[in-house]
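See below for input15.cif, which holds mmCIF, C-alpha atoms.
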```cif
data_my_file
loop_
_atom_site.label_atom_id
_atom_site.label_comp_id
_atom_site.auth_asym_id
_atom_site.auth_seq_id
_atom_site.Cartn_x
_atom_site.Cartn_y
_atom_site.Cartn_z
CA MET A 210 73.53 -80.05 3.36
CA PRO A 211 74.85 -83.54 2.56
CA GLU A 212 78.37 -83.46 1.15
CA LEU A 213 80.88 -86.21 0.43
CA PRO A 214 81.32 -87.28 4.11
CA ASP A 215 77.57 -87.56 4.67
CA VAL A 216 77.10 -89.64 1.52
CA GLU A 217 79.97 -91.88 2.59
CA GLY A 218 78.02 -92.44 5.80
CA PHE A 219 74.89 -93.33 3.81
CA ARG A 220 77.00 -95.73 1.74
CA ARG A 221 78.07 -97.49 4.93
CA VAL A 222 74.45 -97.81 6.04
CA LEU A 223 73.55 -99.46 2.75
CA ALA A 224 76.67 -101.65 2.78
CA GLU A 225 75.62 -103.10 6.14
CA HIS A 226 72.54 -104.54 4.43
CA SER A 227 73.95 -105.57 1.07
CA GLY A 228 73.17 -109.15 0.21
CA GLU A 229 69.75 -109.08 1.86
CA PRO A 230 66.74 -109.61 -0.46
CA ILE A 231 64.57 -106.62 -1.29
CA THR A 232 61.10 -107.84 -0.32
CA GLY A 233 59.28 -104.68 -1.36
CA VAL A 234 59.61 -101.09 -2.51
CA ALA A 235 57.21 -98.43 -1.23
CA VAL A 236 57.19 -95.16 -3.15
CA LEU A 237 55.55 -92.71 -0.76
CA ASP A 238 56.21 -89.67 -2.94
CA ALA A 239 56.90 -90.14 -6.66
CA GLY A 240 58.12 -86.54 -6.78
CA VAL A 241 61.64 -87.75 -5.96
CA LEU A 242 61.78 -90.24 -8.85
CA ARG A 243 63.86 -89.20 -11.84
CA GLY A 244 63.33 -90.97 -15.16
CA VAL A 245 61.53 -93.94 -13.62
CA THR A 246 57.97 -94.59 -12.48
CA ALA A 247 57.02 -95.99 -9.10
CA ARG A 248 55.85 -99.23 -10.70
CA ALA A 249 59.01 -99.63 -12.76
CA LEU A 250 61.16 -99.05 -9.68
CA ARG A 251 59.25 -101.65 -7.70
CA ASP A 252 59.31 -104.20 -10.51
CA ALA A 253 63.02 -103.69 -11.19
CA LEU A 254 64.19 -104.09 -7.59
CA ARG A 255 61.77 -106.45 -5.84
CA GLY A 256 63.41 -109.82 -5.26
CA HIS A 257 66.90 -108.51 -6.03
CA ARG A 258 69.70 -107.94 -3.52
CA PHE A 259 71.78 -104.82 -3.08
CA GLU A 260 75.42 -105.50 -3.88
CA GLU A 261 78.38 -103.59 -2.41
CA PRO A 262 77.53 -99.90 -2.94
CA ARG A 263 80.00 -97.25 -4.01
CA ARG A 264 80.09 -93.49 -3.95
CA HIS A 265 81.25 -90.89 -6.46
CA GLY A 266 81.20 -87.35 -5.14
CA LYS A 267 77.76 -86.76 -3.67
CA TRP A 268 76.19 -89.71 -5.52
CA LEU A 269 75.45 -93.09 -3.96
CA ILE A 270 75.55 -95.92 -6.51
CA ALA A 271 73.82 -99.16 -5.50
CA PRO A 272 73.99 -102.13 -7.91
CA ALA A 273 71.23 -104.64 -7.31
CA GLY A 274 72.08 -107.70 -9.38
CA GLY A 275 71.33 -106.04 -12.72
CA PRO A 276 69.47 -102.82 -11.95
CA VAL A 277 71.58 -99.95 -10.63
CA LEU A 278 70.04 -97.51 -8.19
CA LEU A 279 71.47 -94.00 -7.96
CA LEU A 280 70.65 -91.69 -5.07
CA HIS A 281 71.41 -87.99 -4.72
CA PHE A 282 70.54 -86.25 -1.47
CA GLY A 283 70.27 -82.63 -2.58
CA MET A 284 70.29 -80.23 0.37
CA THR A 285 68.17 -82.17 2.89
CA GLY A 286 68.32 -85.87 1.98
CA SER A 287 69.41 -88.92 3.95
CA LEU A 288 69.37 -92.72 3.87
CA THR A 289 68.70 -94.43 7.20
CA TRP A 290 67.91 -97.88 8.57
CA HIS A 291 64.79 -98.52 10.67
CA GLY A 292 62.85 -101.38 12.14
CA ALA A 293 59.71 -102.14 10.17
CA ALA A 294 57.51 -101.18 13.13
CA GLU A 295 59.13 -97.78 13.60
CA PRO A 296 56.78 -94.97 12.49
CA ARG A 297 57.78 -93.32 9.25
CA HIS A 298 58.73 -89.68 9.02
CA ARG A 299 56.56 -87.36 6.95
CA HIS A 300 59.51 -86.69 4.64
CA ASP A 301 60.27 -90.35 3.95
CA ARG A 302 59.88 -90.62 0.17
CA VAL A 303 61.00 -94.12 -0.84
CA VAL A 304 61.32 -97.22 1.35
CA TRP A 305 63.12 -100.45 0.50
CA ARG A 306 61.84 -103.32 2.65
CA LEU A 307 64.32 -106.00 3.70
CA PRO A 308 63.68 -109.04 5.92
CA ASP A 309 64.73 -107.33 9.15
CA GLY A 310 63.76 -103.72 8.53
CA GLU A 311 63.69 -100.86 6.04
CA LEU A 312 66.05 -98.51 4.26
CA ARG A 313 64.38 -95.10 4.04
CA TYR A 314 65.25 -92.30 1.63
CA ARG A 315 64.17 -89.09 3.31
CA ASP A 316 64.26 -85.64 1.73
CA MET A 317 62.32 -82.56 2.75
CA ARG A 318 63.00 -80.35 -0.28
CA LYS A 319 63.10 -82.98 -3.04
CA LEU A 320 65.70 -81.09 -5.09
CA GLN A 321 67.37 -84.25 -6.38
CA GLY A 322 66.17 -87.82 -6.06
CA VAL A 323 66.23 -91.46 -7.13
CA HIS A 324 67.44 -92.70 -10.52
CA LEU A 325 67.57 -96.19 -12.01
CA ASP A 326 69.90 -97.72 -14.63
CA ASP A 327 71.39 -94.51 -15.99
CA ALA A 328 74.71 -94.34 -14.16
CA GLY A 329 76.66 -93.45 -17.29
CA GLU A 330 74.31 -90.63 -18.21
CA VAL A 331 73.99 -89.23 -14.70
CA LEU A 332 77.65 -89.48 -13.69
CA GLY A 333 79.24 -88.78 -17.05
CA ASP A 334 79.81 -85.06 -16.47
CA LEU A 335 81.27 -85.41 -12.98
CA GLY A 336 84.88 -84.61 -12.23
CA PRO A 337 87.12 -86.96 -10.25
CA ASP A 338 86.04 -87.89 -6.75
CA ALA A 339 87.57 -85.48 -4.23
CA LEU A 340 89.11 -88.32 -2.21
CA GLU A 341 91.07 -89.49 -5.25
CA VAL A 342 92.50 -86.14 -6.39
CA SER A 343 96.29 -85.96 -6.18
CA ARG A 344 98.23 -82.73 -5.81
CA ARG A 345 99.19 -82.90 -9.48
CA ASP A 346 95.55 -83.50 -10.41
CA LEU A 347 94.46 -80.50 -8.36
CA ALA A 348 97.05 -78.26 -9.98
CA GLY A 349 95.86 -79.32 -13.42
CA LEU A 350 92.19 -78.87 -12.54
CA LEU A 351 92.76 -75.32 -11.30
CA SER A 352 95.34 -74.17 -13.83
CA HIS A 353 92.93 -73.05 -16.57
CA ARG A 354 90.02 -71.92 -14.40
CA ARG A 355 89.40 -68.20 -14.67
CA GLY A 356 86.65 -68.13 -12.06
CA ARG A 357 87.01 -67.71 -8.33
CA LEU A 358 88.41 -70.54 -6.26
CA LYS A 359 85.34 -71.26 -4.14
CA PRO A 360 82.90 -71.81 -7.06
CA THR A 361 85.58 -73.86 -8.83
CA LEU A 362 86.00 -76.19 -5.87
CA THR A 363 82.23 -76.69 -5.55
CA ASP A 364 81.72 -77.24 -9.30
CA GLN A 365 80.94 -80.96 -9.50
CA THR A 366 82.25 -81.14 -13.07
CA VAL A 367 85.66 -80.06 -11.75
CA ILE A 368 85.85 -82.03 -8.48
CA ALA A 369 82.99 -84.24 -7.31
CA GLY A 370 81.96 -84.20 -3.68
CA LEU A 371 82.88 -80.79 -2.28
CA GLY A 372 80.09 -78.55 -1.06
CA ASN A 373 79.83 -75.23 0.69
CA LEU A 374 81.12 -76.22 4.13
CA LEU A 375 83.97 -78.36 2.85
CA ALA A 376 85.21 -75.75 0.38
CA ASP A 377 85.26 -72.98 3.01
CA GLU A 378 86.96 -75.24 5.56
CA ILE A 379 89.63 -76.34 3.07
CA CYS A 380 90.41 -72.78 1.98
CA TRP A 381 90.59 -71.63 5.60
CA ARG A 382 92.97 -74.41 6.59
CA ALA A 383 95.13 -73.72 3.54
CA ARG A 384 95.12 -69.95 4.30
CA VAL A 385 93.95 -69.24 0.77
CA ASN A 386 91.29 -66.62 0.07
CA PRO A 387 88.22 -68.27 -1.53
CA LEU A 388 87.66 -65.22 -3.75
CA ARG A 389 91.01 -65.65 -5.50
CA THR A 390 91.05 -66.60 -9.17
CA ALA A 391 91.60 -70.36 -9.22
CA SER A 392 94.33 -70.28 -11.86
CA ASP A 393 96.32 -67.62 -9.97
CA LEU A 394 97.37 -69.94 -7.15
CA ASP A 395 101.09 -70.70 -7.12
CA ALA A 396 102.59 -74.15 -6.54
CA ALA A 397 102.97 -73.64 -2.79
CA GLU A 398 99.34 -72.54 -2.44
CA VAL A 399 98.09 -75.52 -4.46
CA ALA A 400 100.16 -77.84 -2.28
CA SER A 401 98.71 -76.25 0.87
CA LEU A 402 95.20 -76.52 -0.56
CA HIS A 403 95.71 -80.20 -1.35
CA ARG A 404 97.03 -80.97 2.15
CA ALA A 405 94.01 -79.22 3.63
CA LEU A 406 91.65 -81.09 1.32
CA ARG A 407 93.10 -84.47 2.35
CA ARG A 408 93.00 -83.69 6.06
CA VAL A 409 89.53 -82.17 6.10
CA LEU A 410 88.09 -85.04 4.07
CA ARG A 411 89.80 -87.68 6.22
CA ASP A 412 88.41 -86.24 9.45
CA SER A 413 84.99 -85.53 7.97
CA VAL A 414 84.58 -89.00 6.47
CA GLU A 415 85.44 -90.49 9.85
CA ALA A 416 82.74 -88.31 11.45
CA GLU A 417 80.32 -88.91 8.51
CA ARG A 418 79.74 -85.15 8.35
CA VAL A 419 81.67 -81.88 8.32
CA PRO A 420 82.10 -81.67 12.09
CA PRO A 421 81.37 -78.33 13.80
CA ARG A 422 84.42 -78.58 16.04
CA ARG A 423 85.60 -75.68 18.16
CA THR A 424 88.90 -75.53 16.27
CA TRP A 425 87.26 -75.66 12.82
CA LEU A 426 85.81 -72.82 10.78
CA THR A 427 82.63 -74.91 10.66
CA GLY A 428 82.32 -74.60 14.43
CA ALA A 429 82.50 -70.81 14.32
CA ARG A 430 80.82 -69.67 11.11
CA ASP A 431 77.22 -69.71 12.35
CA ARG A 432 77.75 -67.93 15.65
CA PRO A 433 76.15 -64.48 16.08
CA ASP A 434 79.50 -62.66 15.92
CA PRO A 435 81.86 -65.27 14.48
CA VAL A 436 85.61 -64.96 14.87
CA CYS A 437 88.43 -66.99 13.41
CA PRO A 438 89.19 -70.06 15.59
CA ARG A 439 92.86 -69.62 14.73
CA CYS A 440 93.57 -65.90 15.27
CA GLY A 441 90.38 -64.36 16.71
CA THR A 442 89.79 -61.95 13.81
CA PRO A 443 86.10 -61.32 12.96
CA LEU A 444 85.16 -63.49 10.02
CA CYS A 445 84.03 -62.11 6.65
CA SER A 446 80.93 -63.44 4.93
CA ARG A 447 79.37 -62.79 1.54
CA ARG A 448 77.49 -64.62 -1.16
CA VAL A 449 79.61 -65.95 -4.01
CA SER A 450 77.80 -67.59 -6.94
CA GLY A 451 74.71 -67.84 -4.75
CA ARG A 452 76.49 -69.52 -1.83
CA ARG A 453 77.38 -68.04 1.54
CA THR A 454 81.15 -67.94 1.75
CA VAL A 455 83.04 -67.40 5.01
CA TRP A 456 86.74 -66.64 5.49
CA CYS A 457 89.21 -64.91 7.79
CA PRO A 458 90.60 -61.66 6.32
CA ALA A 459 93.77 -62.00 8.42
CA CYS A 460 94.55 -65.68 7.75
CA GLN A 461 93.28 -65.60 4.15
CA PRO A 462 94.20 -62.19 2.74
CA ALA A 463 93.37 -61.26 -0.82
CA ARG A 464 96.16 -61.46 -3.37
CA GLY A 465 98.80 -58.81 -2.70
CA GLU A 466 97.70 -58.21 0.91
CA ARG A 467 99.74 -60.92 2.63
CA GLY A 468 102.10 -59.50 5.22
CA ARG A 469 100.38 -56.14 5.57
#
```

Can you give me the file's structure in the form of structure tokens?
Amino acid sequence: MPELPDVEGFRRVLAEHSGEPITGVAVLDAGVLRGVTARALRDALRGHRFEEPRRHGKWLIAPAGGPVLLLHFGMTGSLTWHGAAEPRHRHDRVVWRLPDGELRYRDMRKLQGVHLDDAGEVLGDLGPDALEVSRRDLAGLLSHRRGRLKPTLTDQTVIAGLGNLLADEICWRARVNPLRTASDLDAAEVASLHRALRRVLRDSVEAERVPPRRTWLTGARDRPDPVCPRCGTPLCSRRVSGRRTVWCPACQPARGERGR
């Protein structure tokens, strides 16, 4: 599932080709278009050049000399560069042709998609980008949230960019139980959570994904009988707000259980 680090990787792919003229736009599946027709997308972008792209949370924002393209990658999306002669994948949905090749938006499930010229409307409800959240910001964002920590962290209107893997990894590194009420965290726990957030995002952005390293929760969570990479305790797993949530009961005890 693409999260902030993946989208940062897609932004870098697009940035490598900013300034090159868009010679054509091929909409192979209009089912990924949101609020724009295939013809309108082609007419708006053909002959323009992508400018320096930016990212907010899981959104990729690509100005094109007037028109602004917005891409969201849902659970299975990607943006990749290919030579024009390279065969297209059956899940390639939109292709932007440039002089030396093609940018291809690929998405199997088509849960999100491609927008044009509505950045304010689309991004208006998003919280601050996760990379820009300070410790004080995080404390303020959590202080009045009565729900559990994990759904709060993955709520894009609270913090933009964190998904399932990142939220679990951050909580595990901070030794905070993801089922805790968000507003119940004390100052030391918020500080630990913020340090974990910064470190996990830094390493993940460098890798352009949440890396399944041996020493990370991500590297253990999908094994047949997963154990904590830190202490060897069998991991707990349950669905929280529709998402699989994984934690270590020893490293991340519920409130009132620490030290037992």

Just the residues within 8 Å of region 361-375 of chain A, please, counting all atoms listed in the file, with nothing from its chain fewer than 6 positions along; format it as a short mmCIF file (atom, residue, chain, number, x, y, z; two decimals) with C-alpha atoms, keeping the file's coordinate frame.
```cif
data_model
loop_
_atom_site.label_atom_id
_atom_site.label_comp_id
_atom_site.auth_asym_id
_atom_site.auth_seq_id
_atom_site.Cartn_x
_atom_site.Cartn_y
_atom_site.Cartn_z
CA GLU A 212 78.37 -83.46 1.15
CA LEU A 213 80.88 -86.21 0.43
CA HIS A 265 81.25 -90.89 -6.46
CA GLY A 266 81.20 -87.35 -5.14
CA LYS A 267 77.76 -86.76 -3.67
CA ASP A 334 79.81 -85.06 -16.47
CA LEU A 335 81.27 -85.41 -12.98
CA GLY A 336 84.88 -84.61 -12.23
CA PRO A 337 87.12 -86.96 -10.25
CA ASP A 338 86.04 -87.89 -6.75
CA ALA A 339 87.57 -85.48 -4.23
CA LEU A 350 92.19 -78.87 -12.54
CA LEU A 351 92.76 -75.32 -11.30
CA ARG A 354 90.02 -71.92 -14.40
CA ALA A 391 91.60 -70.36 -9.22
CA VAL A 409 89.53 -82.17 6.10
CA LEU A 410 88.09 -85.04 4.07
CA VAL A 419 81.67 -81.88 8.32
CA THR A 427 82.63 -74.91 10.66
CA ARG A 452 76.49 -69.52 -1.83
CA ARG A 453 77.38 -68.04 1.54
CA THR A 454 81.15 -67.94 1.75
#
```

Within 9 Å of Pro458 (chain A) using only C-alpha atoms, minus same-chain residues under 4 positions, as JSON, numbers by chain: {"A": [386, 442, 443, 444, 445, 462, 463]}

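You can rank A:Gly322, A:Asp215, A:Ile231, A:Gly286 by their closest distance to Val245 (chain A) using all atoms listed in the file, and at the top of that list sits A:Gly322.
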
Determine, using all atoms listed in the file, which residues of region 211-246 of chain A have any atom at most 9 Å from an atom of region 268-271 of chain A, and tabulate each with its shortest atom pair and distance in Å to one decimal place, rows ordered by chain and then rising number, as a Markdown table.
```
| residue | atom | partner | partner_atom | distance |
| --- | --- | --- | --- | --- |
| A:Leu213 | CA | A:Trp268 | CA | 8.3 |
| A:Val216 | CA | A:Leu269 | CA | 6.7 |
| A:Glu217 | CA | A:Leu269 | CA | 8.0 |
| A:Phe219 | CA | A:Leu269 | CA | 7.8 |
| A:Arg220 | CA | A:Leu269 | CA | 6.5 |
| A:Leu223 | CA | A:Ala271 | CA | 8.3 |
```

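Taking CA of Trp290 (chain A) and CA of Arg302 (chain A) as endpoints, the distance between them is 13.7 Å.
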
Give as a ChimeraX atom specification the residues that the PyMOL selection byres ((chain A and resi 403) around 12) matches when applied to the coordinates above. /A:339-348,350-351,362,376,379-380,382-385,394,396-402,404-410

Sel. within 12 Å of pt (65.4, -92.7, -9.3), counting all atoms listed in the file, output as a VMD selection string: chain A and resid 236 238 to 251 253 to 254 268 to 271 276 to 282 302 to 303 314 319 321 to 328 331

Please write the residues picked by the PyMOL selection byres ((chain A and resi 258) around 12) on this file as a JSON list (two decimals) with C-alpha atoms, in the coordinates of the input.
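Result saved to out27.json:
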```json
[["chain", "number", "residue", "atom", "x", "y", "z"],
["A", 223, "LEU", "CA", 73.55, -99.46, 2.75],
["A", 224, "ALA", "CA", 76.67, -101.65, 2.78],
["A", 226, "HIS", "CA", 72.54, -104.54, 4.43],
["A", 227, "SER", "CA", 73.95, -105.57, 1.07],
["A", 228, "GLY", "CA", 73.17, -109.15, 0.21],
["A", 229, "GLU", "CA", 69.75, -109.08, 1.86],
["A", 230, "PRO", "CA", 66.74, -109.61, -0.46],
["A", 231, "ILE", "CA", 64.57, -106.62, -1.29],
["A", 232, "THR", "CA", 61.10, -107.84, -0.32],
["A", 233, "GLY", "CA", 59.28, -104.68, -1.36],
["A", 253, "ALA", "CA", 63.02, -103.69, -11.19],
["A", 254, "LEU", "CA", 64.19, -104.09, -7.59],
["A", 255, "ARG", "CA", 61.77, -106.45, -5.84],
["A", 256, "GLY", "CA", 63.41, -109.82, -5.26],
["A", 257, "HIS", "CA", 66.90, -108.51, -6.03],
["A", 259, "PHE", "CA", 71.78, -104.82, -3.08],
["A", 260, "GLU", "CA", 75.42, -105.50, -3.88],
["A", 261, "GLU", "CA", 78.38, -103.59, -2.41],
["A", 262, "PRO", "CA", 77.53, -99.90, -2.94],
["A", 271, "ALA", "CA", 73.82, -99.16, -5.50],
["A", 272, "PRO", "CA", 73.99, -102.13, -7.91],
["A", 273, "ALA", "CA", 71.23, -104.64, -7.31],
["A", 274, "GLY", "CA", 72.08, -107.70, -9.38],
["A", 275, "GLY", "CA", 71.33, -106.04, -12.72],
["A", 276, "PRO", "CA", 69.47, -102.82, -11.95],
["A", 277, "VAL", "CA", 71.58, -99.95, -10.63],
["A", 278, "LEU", "CA", 70.04, -97.51, -8.19],
["A", 305, "TRP", "CA", 63.12, -100.45, 0.50],
["A", 306, "ARG", "CA", 61.84, -103.32, 2.65],
["A", 307, "LEU", "CA", 64.32, -106.00, 3.70],
["A", 308, "PRO", "CA", 63.68, -109.04, 5.92]]
```

Could you state the separation of CA of Leu426 (chain A) and CA of Ser413 (chain A) in Å, given to one decimal place? 13.0 Å

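Residue nearest Arg221 (chain A), chosen from A:Asp377, A:Arg418, A:Val234, A:Arg263 and counting all atoms listed in the file: A:Arg263.
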
Let me know the residues the PyMOL selection byres ((chain A and resi 358) around 7) catches in the file above, as a list in words. Gly356, Arg357, Lys359, Pro360, Thr361, Leu362, Pro387, Leu388, Arg389, Thr390 and Ala391 of chain A

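Computed from the coordinates, the CA of Thr289 (chain A) to CA of Arg411 (chain A) distance equals 22.2 Å.
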
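Shortest separation to Ser352 (chain A) among A:Asp412, A:Glu311, A:Asp434, A:Asp395 occurs at residue A:Asp395, atoms counted being all atoms listed in the file.
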